[in-house]
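Data file: input-v1.cif. Format and content: mmCIF, C-alpha atoms (C1' of nucleotides).
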```
data_start
loop_
_atom_site.label_atom_id
_atom_site.label_comp_id
_atom_site.auth_asym_id
_atom_site.auth_seq_id
_atom_site.Cartn_x
_atom_site.Cartn_y
_atom_site.Cartn_z
CA MET A 220 -2.13 -39.38 -15.98
CA LYS A 221 -4.78 -36.80 -16.51
CA SER A 222 -7.47 -39.22 -15.46
CA LYS A 223 -5.53 -40.26 -12.38
CA LYS A 224 -5.18 -36.65 -11.39
CA LYS A 225 -8.86 -36.04 -11.80
CA ARG A 226 -9.70 -39.03 -9.69
CA ALA A 227 -7.36 -37.87 -6.96
CA LYS A 228 -9.01 -34.48 -6.92
CA GLN A 229 -12.49 -35.96 -6.74
CA LYS A 230 -11.54 -38.22 -3.88
CA LYS A 231 -9.78 -35.24 -2.30
CA LEU A 232 -6.65 -37.29 -2.01
CA PRO A 233 -3.19 -35.85 -2.49
CA TYR A 234 -1.93 -36.31 -6.00
CA ILE A 235 1.67 -37.08 -6.66
CA TYR A 236 3.28 -38.38 -9.81
CA ASN A 237 3.78 -42.08 -9.42
CA ARG A 238 7.40 -42.11 -10.60
CA LYS A 239 6.51 -44.88 -13.00
CA TRP A 240 9.47 -44.40 -15.36
CA ARG A 241 11.96 -43.23 -12.75
CA ASP A 242 14.21 -46.26 -12.84
CA LYS A 243 13.57 -47.56 -16.32
CA SER A 244 16.36 -47.48 -18.80
CA GLU A 245 16.34 -45.38 -21.94
CA THR A 246 15.64 -48.40 -24.09
CA ASP A 247 12.34 -49.01 -22.32
CA THR A 248 10.83 -45.81 -23.67
CA PRO A 249 7.77 -46.51 -25.82
CA LYS A 250 8.54 -45.48 -29.38
CA GLU A 251 5.13 -44.03 -30.16
CA ILE A 252 5.18 -41.15 -27.62
CA GLN A 253 7.20 -37.98 -27.21
CA PRO A 254 8.39 -38.22 -23.61
CA VAL A 255 9.06 -35.40 -21.18
CA ILE A 256 12.19 -35.45 -19.09
CA ARG A 257 11.70 -35.39 -15.34
CA PHE A 258 14.22 -34.65 -12.62
CA LYS A 259 14.96 -37.60 -10.35
CA SER A 260 14.03 -35.85 -7.16
CA LYS A 261 15.08 -36.97 -3.68
CA ILE A 262 12.73 -39.41 -2.02
CA GLU A 263 14.37 -39.98 1.36
CA GLY A 264 14.91 -37.53 4.18
CA LYS A 265 14.22 -33.85 4.64
CA SER A 266 15.47 -30.65 3.10
CA VAL A 267 15.96 -27.36 4.87
CA LEU A 268 15.80 -23.98 3.18
CA LYS A 269 17.63 -21.28 5.11
CA ASP A 270 15.50 -18.38 4.03
CA LEU A 271 16.75 -14.88 4.79
CA VAL A 272 13.24 -13.66 5.56
CA GLN A 273 11.24 -16.70 6.56
CA GLY A 274 13.88 -18.48 8.60
CA ASN A 275 14.41 -22.22 8.30
CA ILE A 276 11.77 -24.04 6.30
CA GLU A 277 11.81 -27.80 6.55
CA ILE A 278 10.12 -30.17 4.14
CA GLU A 279 9.93 -33.93 3.58
CA ASN A 280 11.66 -34.71 0.29
CA ASN A 281 9.00 -37.19 -0.77
CA THR A 282 6.48 -34.37 -1.05
CA ILE A 283 8.41 -33.04 -4.04
CA GLU A 284 7.49 -35.00 -7.11
CA ASP A 285 9.76 -35.83 -10.02
CA PHE A 286 9.19 -32.52 -11.75
CA VAL A 287 9.41 -31.94 -15.48
CA ILE A 288 12.54 -30.17 -16.65
CA LEU A 289 12.18 -30.66 -20.41
CA ARG A 290 8.84 -30.63 -22.18
CA ALA A 291 7.84 -33.13 -24.85
CA ASP A 292 9.06 -30.68 -27.47
CA GLY A 293 12.43 -30.48 -25.77
CA SER A 294 12.08 -26.97 -24.38
CA PRO A 295 13.08 -26.34 -20.77
CA THR A 296 10.53 -25.52 -18.07
CA TYR A 297 10.73 -22.60 -15.68
CA ASN A 298 12.53 -24.36 -12.83
CA LEU A 299 15.35 -25.52 -15.09
CA SER A 300 15.62 -22.25 -17.00
CA ALA A 301 15.60 -20.13 -13.87
CA SER A 302 18.29 -22.18 -12.16
CA VAL A 303 20.57 -22.24 -15.18
CA ASP A 304 20.07 -18.57 -15.91
CA ASP A 305 20.63 -17.48 -12.32
CA HIS A 306 23.79 -19.57 -12.13
CA LEU A 307 25.15 -18.29 -15.41
CA MET A 308 24.40 -14.72 -14.41
CA GLY A 309 26.24 -15.24 -11.15
CA MET A 310 23.31 -14.48 -8.90
CA THR A 311 24.22 -14.42 -5.22
CA HIS A 312 20.81 -13.51 -3.79
CA ILE A 313 17.39 -14.42 -5.04
CA ILE A 314 14.66 -12.23 -3.61
CA ARG A 315 11.20 -13.09 -4.82
CA GLY A 316 7.62 -13.67 -3.79
CA ASP A 317 6.49 -16.18 -1.25
CA ASP A 318 4.68 -18.13 -3.94
CA HIS A 319 8.02 -19.48 -5.16
CA LYS A 320 8.92 -21.24 -1.94
CA ILE A 321 8.20 -24.76 -3.18
CA ASN A 322 10.03 -24.09 -6.45
CA THR A 323 13.10 -23.29 -4.41
CA PHE A 324 13.34 -26.86 -3.15
CA LYS A 325 13.27 -28.04 -6.74
CA GLN A 326 15.80 -25.49 -7.91
CA ILE A 327 18.20 -26.25 -5.09
CA GLN A 328 18.25 -29.87 -6.23
CA ILE A 329 19.20 -28.74 -9.70
CA TYR A 330 22.04 -26.61 -8.30
CA ASP A 331 23.24 -29.57 -6.26
CA ALA A 332 23.02 -31.98 -9.17
CA MET A 333 25.12 -29.61 -11.26
CA ASN A 334 27.52 -29.01 -8.40
CA TRP A 335 26.78 -25.31 -8.53
CA LYS A 336 26.96 -22.95 -5.62
CA VAL A 337 23.48 -22.48 -4.19
CA PRO A 338 22.56 -18.80 -3.91
CA SER A 339 20.92 -17.20 -0.87
CA PHE A 340 17.16 -17.04 -0.95
CA ALA A 341 14.76 -14.52 0.52
CA HIS A 342 11.06 -15.07 0.09
CA ILE A 343 9.07 -11.97 0.78
CA PRO A 344 5.36 -12.10 1.61
CA LEU A 345 2.89 -11.36 -1.13
CA ILE A 346 0.80 -8.23 -1.29
CA HIS A 347 -2.85 -8.89 -0.70
CA THR A 348 -5.93 -7.04 -1.78
CA ILE A 349 -8.06 -5.48 0.91
CA GLU A 350 -10.07 -8.71 0.84
CA GLY A 351 -6.94 -10.62 1.78
CA LYS A 352 -6.24 -12.46 -1.46
CA LYS A 353 -3.10 -12.48 -3.57
CA LEU A 354 -2.94 -9.34 -5.69
CA SER A 355 -3.13 -10.27 -9.34
CA LYS A 356 -3.06 -8.56 -12.71
CA ARG A 357 -6.80 -8.86 -12.85
CA ASP A 358 -7.22 -6.50 -9.91
CA ASN A 359 -7.93 -3.00 -11.11
CA ALA A 360 -5.20 -1.25 -9.18
CA SER A 361 -2.32 -3.64 -9.56
CA THR A 362 -0.09 -2.16 -12.24
CA LEU A 363 2.18 0.86 -12.08
CA ASP A 364 0.21 2.33 -14.93
CA ASP A 365 -2.98 2.19 -12.88
CA TYR A 366 -1.36 4.45 -10.31
CA SER A 367 0.21 6.79 -12.83
CA LYS A 368 -3.20 7.27 -14.36
CA ILE A 369 -4.73 8.62 -11.16
CA GLY A 370 -1.80 10.95 -10.59
CA ILE A 371 0.34 9.04 -8.11
CA MET A 372 3.99 9.97 -8.51
CA PRO A 373 6.64 7.23 -8.87
CA ILE A 374 8.58 8.50 -5.88
CA ALA A 375 5.48 8.30 -3.70
CA LEU A 376 4.65 4.78 -4.79
CA ARG A 377 8.25 3.77 -4.17
CA ASN A 378 8.00 5.10 -0.63
CA TYR A 379 4.68 3.36 -0.04
CA LEU A 380 5.90 0.04 -1.36
CA LEU A 381 9.09 0.29 0.66
CA ARG A 382 7.13 0.63 3.89
CA LEU A 383 4.62 -2.06 2.95
CA GLY A 384 5.78 -5.14 4.79
CA TRP A 385 8.96 -3.46 5.93
CA SER A 386 9.81 -0.88 8.56
CA TYR A 387 12.65 1.06 10.08
CA LYS A 388 11.75 2.32 13.53
CA ASP A 389 8.95 4.85 13.29
CA LYS A 390 10.20 6.40 10.09
CA GLU A 391 7.58 6.80 7.37
CA ILE A 392 9.13 9.01 4.70
CA PHE A 393 12.24 7.80 2.90
CA ASP A 394 13.83 9.57 -0.03
CA LEU A 395 15.72 7.46 -2.55
CA ASP A 396 19.05 7.74 -0.75
CA GLU A 397 17.48 6.85 2.57
CA SER A 398 15.66 3.93 1.01
CA ILE A 399 18.95 2.51 -0.18
CA LYS A 400 20.72 3.31 3.06
CA TYR A 401 18.18 1.81 5.47
CA PHE A 402 16.56 -1.01 3.55
CA ASN A 403 17.47 -4.48 4.68
CA LEU A 404 16.05 -7.98 4.56
CA GLU A 405 15.83 -8.20 8.37
CA GLY A 406 13.16 -5.52 8.50
CA ILE A 407 10.78 -7.48 6.31
CA GLY A 408 7.77 -8.95 8.06
CA LYS A 409 6.68 -12.52 7.52
CA SER A 410 3.00 -12.01 6.93
CA PRO A 411 1.36 -10.66 3.80
CA SER A 412 0.16 -7.07 3.92
CA LYS A 413 -2.89 -5.50 2.41
CA LEU A 414 -2.76 -2.68 -0.08
CA ASP A 415 -4.28 0.47 1.39
CA ILE A 416 -5.09 3.10 -1.22
CA SER A 417 -5.71 5.89 1.27
CA ARG A 418 -2.16 5.50 2.50
CA ILE A 419 -0.90 5.83 -1.05
CA TYR A 420 -2.84 9.06 -1.46
CA SER A 421 -1.51 10.36 1.80
CA ILE A 422 2.13 9.72 0.91
CA ASN A 423 1.59 11.14 -2.56
CA GLU A 424 0.16 14.27 -0.97
CA HIS A 425 3.16 14.56 1.26
CA TYR A 426 5.50 14.45 -1.73
CA ILE A 427 3.41 16.93 -3.68
CA LYS A 428 3.74 19.42 -0.85
CA ASN A 429 7.37 18.81 -0.01
CA ILE A 430 9.41 18.05 -3.11
CA ASP A 431 11.20 20.68 -5.14
CA GLU A 432 8.70 22.64 -7.17
CA ASN A 433 10.60 22.16 -10.42
CA ASP A 434 10.48 18.41 -9.94
CA LEU A 435 6.78 18.58 -9.17
CA PHE A 436 6.25 20.68 -12.27
CA ASN A 437 8.00 18.12 -14.43
CA PHE A 438 5.95 15.27 -12.98
CA LEU A 439 2.81 17.29 -13.60
CA ILE A 440 3.52 18.16 -17.23
CA THR A 441 4.44 14.57 -18.04
CA TYR A 442 1.25 13.42 -16.36
CA CYS A 443 -0.94 15.88 -18.29
CA ASP A 444 0.70 15.03 -21.60
CA THR A 445 0.27 11.31 -21.04
CA PHE A 446 -3.21 11.15 -19.61
CA HIS A 447 -5.04 14.38 -20.41
CA GLU A 448 -3.85 16.98 -22.84
CA LYS A 449 -0.75 18.65 -24.17
CA ILE A 450 -0.11 21.80 -22.17
CA THR A 451 0.92 24.79 -24.28
CA ASP A 452 4.06 26.73 -23.44
CA LEU A 453 1.97 29.68 -22.34
CA ALA A 454 -0.17 27.57 -20.04
CA GLN A 455 2.93 25.87 -18.69
CA LYS A 456 4.31 29.24 -17.71
CA LYS A 457 1.11 30.15 -15.92
CA ILE A 458 0.99 26.85 -14.08
CA LYS A 459 4.59 27.13 -13.02
CA ASN A 460 3.98 30.55 -11.53
CA SER A 461 0.93 29.30 -9.66
CA LEU A 462 2.18 25.93 -8.57
CA HIS A 463 2.84 27.14 -5.04
CA PHE A 464 -0.87 27.47 -4.39
CA LEU A 465 -2.20 24.90 -6.86
CA LYS A 466 -0.40 22.14 -5.00
CA ASN A 467 -1.83 23.10 -1.64
CA LYS A 468 -5.18 21.53 -2.29
CA ALA A 469 -4.01 18.43 -4.06
CA LYS A 470 -3.50 14.80 -3.13
CA THR A 471 -2.69 13.76 -6.69
CA LEU A 472 -1.35 15.20 -9.93
CA GLU A 473 -4.88 14.86 -11.22
CA ASP A 474 -6.05 17.26 -8.50
CA ILE A 475 -3.45 19.80 -9.53
CA TYR A 476 -4.47 19.39 -13.15
CA LYS A 477 -8.10 20.05 -12.26
CA ASN A 478 -7.15 23.07 -10.19
CA SER A 479 -5.12 24.38 -13.14
CA LYS A 480 -7.88 24.13 -15.69
CA PHE A 481 -8.87 27.77 -15.33
CA LEU A 482 -5.34 28.67 -16.37
CA ILE A 483 -5.22 26.21 -19.26
CA ASN A 484 -8.56 27.11 -20.84
CA ASP A 485 -9.40 30.71 -21.65
CA ARG A 486 -13.06 29.93 -22.04
CA VAL A 487 -14.98 29.54 -18.84
CA GLN A 488 -17.68 26.90 -18.87
CA ILE A 489 -20.20 27.20 -16.09
CA GLU A 490 -22.25 24.19 -15.03
CA LYS A 491 -26.01 24.58 -15.00
CA GLU A 492 -26.12 24.03 -11.27
CA ASP A 493 -23.58 26.76 -10.68
CA LYS A 494 -25.27 29.14 -13.08
CA LYS A 495 -28.28 29.13 -10.77
CA LEU A 496 -26.12 30.61 -8.04
CA LEU A 497 -25.52 33.68 -10.19
CA ASP A 498 -28.68 35.55 -9.24
CA GLU A 499 -29.35 39.25 -9.60
CA THR A 500 -27.44 40.32 -6.54
CA ALA A 501 -24.51 38.16 -7.53
CA ILE A 502 -24.41 39.72 -11.01
CA LYS A 503 -24.68 43.14 -9.48
CA ILE A 504 -21.74 42.46 -7.21
CA ILE A 505 -19.71 41.19 -10.16
CA LYS A 506 -20.40 44.40 -12.08
CA LEU A 507 -19.43 46.54 -9.12
CA PHE A 508 -16.24 44.56 -8.70
CA SER A 509 -15.41 44.96 -12.38
CA ASN A 510 -15.84 48.69 -12.17
CA GLU A 511 -13.63 48.94 -9.12
CA ILE A 512 -10.67 46.98 -10.44
CA ILE A 513 -10.41 49.08 -13.58
CA LYS A 514 -8.95 51.85 -11.43
CA LEU A 515 -6.26 49.60 -9.98
CA THR A 516 -2.66 49.90 -11.07
CA ASN A 517 -1.47 47.14 -8.77
CA PHE A 518 -3.44 43.92 -8.92
CA THR A 519 -2.54 42.17 -5.70
CA ARG A 520 -4.18 40.81 -2.60
CA GLU A 521 -3.32 44.04 -0.81
CA THR A 522 -5.20 46.19 -3.31
CA LEU A 523 -8.06 43.75 -3.89
CA GLU A 524 -8.90 42.97 -0.30
CA PRO A 525 -10.31 46.44 0.52
CA ILE A 526 -12.50 46.28 -2.58
CA ILE A 527 -13.97 42.94 -1.63
CA ASN A 528 -14.44 43.98 1.99
CA ASP A 529 -16.33 47.09 0.87
CA LEU A 530 -18.53 45.00 -1.41
CA ILE A 531 -19.36 42.72 1.51
CA LYS A 532 -20.26 45.68 3.71
CA ASN A 533 -22.23 47.67 1.12
CA ASN A 534 -24.26 44.70 -0.06
CA ASN A 535 -24.99 43.35 3.36
CA THR A 536 -23.49 39.95 2.62
CA ASN A 537 -20.55 37.79 3.71
CA PHE A 538 -17.41 36.64 2.02
CA LYS A 539 -19.19 33.77 0.39
CA GLY A 540 -21.63 36.20 -1.22
CA VAL A 541 -18.78 37.83 -3.09
CA GLY A 542 -16.23 35.05 -3.36
CA GLN A 543 -18.48 32.36 -4.74
CA PRO A 544 -19.87 34.30 -7.73
CA LEU A 545 -16.39 35.54 -8.52
CA ARG A 546 -14.95 32.06 -8.42
CA ILE A 547 -17.71 30.69 -10.64
CA CYS A 548 -17.33 33.45 -13.19
CA LEU A 549 -13.56 33.19 -13.33
CA THR A 550 -13.08 29.41 -13.17
CA GLY A 551 -16.45 27.83 -13.87
CA SER A 552 -16.37 25.95 -10.60
CA LYS A 553 -17.51 26.39 -7.03
CA PHE A 554 -14.37 24.67 -5.83
CA GLY A 555 -10.77 25.51 -6.36
CA PRO A 556 -7.93 27.68 -5.19
CA GLY A 557 -8.37 30.69 -2.93
CA ILE A 558 -10.01 33.66 -4.59
CA TYR A 559 -7.00 35.98 -4.23
CA ASP A 560 -4.79 33.32 -5.76
CA ILE A 561 -7.16 33.03 -8.71
CA LEU A 562 -7.32 36.78 -9.19
CA SER A 563 -3.62 37.43 -9.12
CA ALA A 564 -2.84 34.38 -11.24
CA LEU A 565 -5.16 35.57 -14.01
CA GLY A 566 -4.16 39.23 -13.79
CA LYS A 567 -6.26 42.33 -14.18
CA GLU A 568 -6.84 42.19 -17.93
CA GLU A 569 -7.94 38.57 -17.97
CA VAL A 570 -10.15 39.00 -14.94
CA SER A 571 -11.87 41.97 -16.59
CA ARG A 572 -12.27 40.04 -19.80
CA ARG A 573 -13.84 37.02 -18.11
CA LEU A 574 -16.13 39.11 -15.94
CA SER A 575 -17.30 41.18 -18.89
CA GLN A 576 -18.76 38.08 -20.45
CA ILE A 577 -21.14 37.60 -17.57
CA ARG A 578 -24.63 38.97 -17.91
"C1'" G B 300 -7.62 -32.71 0.70
"C1'" G B 301 -1.86 -32.67 1.06
"C1'" U B 302 2.60 -29.65 2.00
"C1'" C B 303 4.49 -25.16 3.81
"C1'" C B 304 3.80 -20.36 5.99
"C1'" C B 305 1.47 -16.48 8.84
"C1'" U B 306 -1.55 -14.03 13.24
"C1'" U B 307 -0.36 -6.47 17.78
"C1'" C B 308 -5.69 -0.80 16.70
"C1'" G B 309 -9.98 -0.90 10.38
"C1'" U B 310 -4.87 -0.61 7.54
"C1'" C B 311 0.86 -0.40 7.57
"C1'" U B 312 3.71 -1.25 11.68
"C1'" A B 313 7.13 -0.42 16.75
"C1'" U B 314 8.17 -3.58 20.96
"C1'" C B 315 13.88 -8.07 20.45
"C1'" G B 316 10.64 -11.00 29.11
"C1'" G B 317 9.16 -5.86 33.00
"C1'" U B 318 5.96 -0.04 28.46
"C1'" U B 319 -0.08 3.92 30.89
"C1'" A B 320 1.51 -1.51 24.32
"C1'" G B 321 4.29 3.69 20.68
"C1'" G B 322 3.89 5.94 15.64
"C1'" A B 323 1.58 6.67 10.78
"C1'" C B 324 -2.84 6.43 7.48
"C1'" A B 325 -7.99 6.24 7.83
"C1'" C B 326 -12.05 7.63 11.23
"C1'" A B 327 -14.64 11.04 15.00
"C1'" U B 328 -14.89 15.81 17.55
"C1'" G B 329 -13.28 20.84 18.16
"C1'" G B 330 -10.45 25.13 16.38
"C1'" U B 331 -8.26 28.20 12.26
"C1'" U B 332 -10.18 29.37 7.30
"C1'" U B 333 -12.84 32.22 1.92
"C1'" U B 334 -15.69 27.38 -1.13
"C1'" C B 335 -13.19 22.55 -1.45
"C1'" A B 336 -8.95 21.35 1.00
"C1'" U B 337 -4.83 22.38 4.10
"C1'" C B 338 -3.15 23.22 9.03
"C1'" C B 339 -3.53 22.61 14.53
"C1'" A B 340 -5.58 20.16 18.88
"C1'" U B 341 -8.18 16.21 21.06
"C1'" G B 342 -10.43 11.36 20.97
"C1'" A B 343 -11.88 6.35 19.99
"C1'" A B 344 -9.17 2.02 18.41
"C1'" A B 345 -4.99 -3.85 19.13
"C1'" G B 346 -1.68 -8.42 21.45
"C1'" A B 347 -7.19 -14.66 17.95
"C1'" G B 348 -8.40 -18.44 22.07
"C1'" G B 349 -6.47 -22.06 25.59
"C1'" G B 350 -2.52 -24.28 28.05
"C1'" G B 351 2.46 -24.24 29.77
"C1'" U B 352 7.88 -22.04 31.01
"C1'" U B 353 8.93 -17.82 34.30
"C1'" C B 354 8.95 -13.72 40.02
"C1'" G B 355 6.84 -11.64 35.47
"C1'" A B 356 4.63 -12.84 29.17
"C1'" U B 357 2.42 -9.34 23.27
"C1'" U B 358 7.45 -11.27 23.40
"C1'" C B 359 9.76 -18.32 24.47
"C1'" C B 360 7.21 -23.52 23.81
"C1'" C B 361 2.71 -26.56 22.72
"C1'" C B 362 -2.42 -27.10 21.17
"C1'" U B 363 -6.84 -25.06 18.89
"C1'" A B 364 -9.04 -21.55 15.68
"C1'" G B 365 -8.64 -18.26 11.65
"C1'" G B 366 -6.08 -16.59 7.28
"C1'" G B 367 -2.66 -17.29 3.15
"C1'" A B 368 0.63 -19.59 -0.64
"C1'" C B 369 1.72 -23.81 -3.46
"C1'" C B 370 0.01 -28.52 -5.36
"C1'" G B 371 0.85 -27.40 -14.53
"C1'" C B 372 4.77 -30.16 -20.21
"C1'" C B 373 2.65 -21.33 -16.68
"C1'" A B 374 6.20 -18.38 -14.92
#
```
Would you write out, as structure tokens, the structure that this file holds?
Amino acid sequence: MKSKKKRAKQKKLPYIYNRKWRDKSETDTPKEIQPVIRFKSKIEGKSVLKDLVQGNIEIENNTIEDFVILRADGSPTYNLSASVDDHLMGMTHIIRGDDHKINTFKQIQIYDAMNWKVPSFAHIPLIHTIEGKKLSKRDNASTLDDYSKIGIMPIALRNYLLRLGWSYKDKEIFDLDESIKYFNLEGIGKSPSKLDISRIYSINEHYIKNIDENDLFNFLITYCDTFHEKITDLAQKKIKNSLHFLKNKAKTLEDIYKNSKFLINDRVQIEKEDKKLLDETAIKIIKLFSNEIIKLTNFTRETLEPIINDLIKNNNTNFKGVGQPLRICLTGSKFGPGIYDILSALGKEEVSRRLSQIR
RNA sequence: GGUCCCUUCGUCUAUCGGUUAGGACACAUGGUUUUCAUCCAUGAAAGAGGGGUUCGAUUCCCCUAGGGACCGCCA
């Protein structure tokens, strides 16, 4: 058989099992081989699958070969196992990928042969990569874990996947209750859709900014524990208090984590590139700022703003001239949360401590 | 190659015979801003092609093209 198949492929002819043993009796079986058991599939006529998504699909029965249901070792193949299992489990609806369409014609014949009630089928289109091919496990962003790793929240991915290949009017954001309430088979499109990572980021960002802050906090801590580092109770407290501004600049949990690093680590590490930005004037401004804040009893935006404004005026510079050195000294990075957010999150003592280490 | 399926902006999609073809993401420009980002405004951007049916087709039918899935003693 193997050789026949090869020949068919070379000649580019359709291969179909020749049904050689279809009508032989059991006694004709050669003794020296372990036979497989094939299903005596319909040869005449057509079959119609009333698919809940795809509509009616018609196929000539003779294009379905006598498929194997028991292997040589006696174990059942997928099509037999799936049919039996689904029947025994009382399945009423089978919703699965498009790639199972042909199997359905085989499985329906098994149901019929057993006189079982045939369930309803819905074959949903596959998800394609951006290149337009079936998404497979080999693709680097195909598993849930891949998305968790980059800080995509489950609820965001759920929302994205819900809207991929399905729609309800112009609605884009669905919480869990709405997903259940509005989802239906009728809204599913027939053509495969491509996975668009920027859309996933965008929805994730929406959830980061709009869900309850306690929920966000829990997602974040779980994420850090799993993929980065264990966050101490003290650091957790600091993050929780600052989450309202940390989340503003984030598309992913990873972004929030990065923005929180200055709260997690007490030691500030300044990159070489950034160190260059701390020239004489910058250091001078830092010193002046340090001296000013010592006098403060309240350490808030209201009390800090006049100090910074004076520094800008007296040193003939702009906000960047003061804000950037401060940010670098306090967080080790040019980028990050707003300077007043950083200052009040760290508090007067910590700010003084970090600035005193600059020389 | 055979069988089956699909086809509206770059992407996800709305439209169920009559619309300036709508929205969202992404993109571009401008504004706000304190870096990065957010936010706001504006803009560019689509019915694969050809035939029918019809007063009228993105919408219904046919053909062509393009794309996809399946073609295992895998699931």
Next item on the list: May I ask which of the residues B:C305, B:G300, B:C354, B:U310 is the closest one to G366 of chain B, counting only C-alpha atoms (C1' of nucleotides)?
Entry: B:C305
Item checked: Coordinates-based distance that separates atom CA of Ile276 of chain A from atom CA of Thr311 of chain A (Å, one decimal) -> 19.5 Å
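Taking atom CA of Glu492 of chain A and atom CA of Glu473 of chain A as endpoints, the distance between them is 23.1 Å.
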Next item on the list: Residues of chain A near chain B: apply a cut-off of 7 Å, count all atoms listed in the file, and supply the list as a PyMOL selection string.
Entry: chain A and resi 231-233+255+282+287+290-291+297+317-318+321+383+386+388-389+391+409-410+415+417-418+467-468+538-539+542-543+553-555+557
10 Å contact set for G316 of chain B, all atoms listed in the file, chain neighbours under 2 positions out, as a PDB file with C-alpha atoms (C1' of nucleotides), in the coordinates of the input:
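Result saved to part36.pdb:
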```
ATOM      1  C1'   U B 353       8.930 -17.820  34.300  1.00  0.00           C
ATOM      2  C1'   G B 355       6.840 -11.640  35.470  1.00  0.00           C
ATOM      3  C1'   A B 356       4.630 -12.840  29.170  1.00  0.00           C
ATOM      4  C1'   U B 358       7.450 -11.270  23.400  1.00  0.00           C
ATOM      5  C1'   C B 359       9.760 -18.320  24.470  1.00  0.00           C
TER       6        C B 359
END
```
Using the chain letters and numbering of this document, enumerate as a PDB file with C-alpha atoms (C1' of nucleotides), in the coordinates of the input the residues selected by the PyMOL selection byres ((chain B and resi 363) around 8).
```
ATOM      1  C1'   G B 348      -8.400 -18.440  22.070  1.00  0.00           C
ATOM      2  C1'   G B 349      -6.470 -22.060  25.590  1.00  0.00           C
ATOM      3  C1'   C B 362      -2.420 -27.100  21.170  1.00  0.00           C
ATOM      4  C1'   A B 364      -9.040 -21.550  15.680  1.00  0.00           C
TER       5        A B 364
END
```
Notebook entry, point to check: Hey, can you check how far atom CA of Met372 of chain A sits from atom CA of Tyr559 of chain A?
Noted result: 28.6 Å
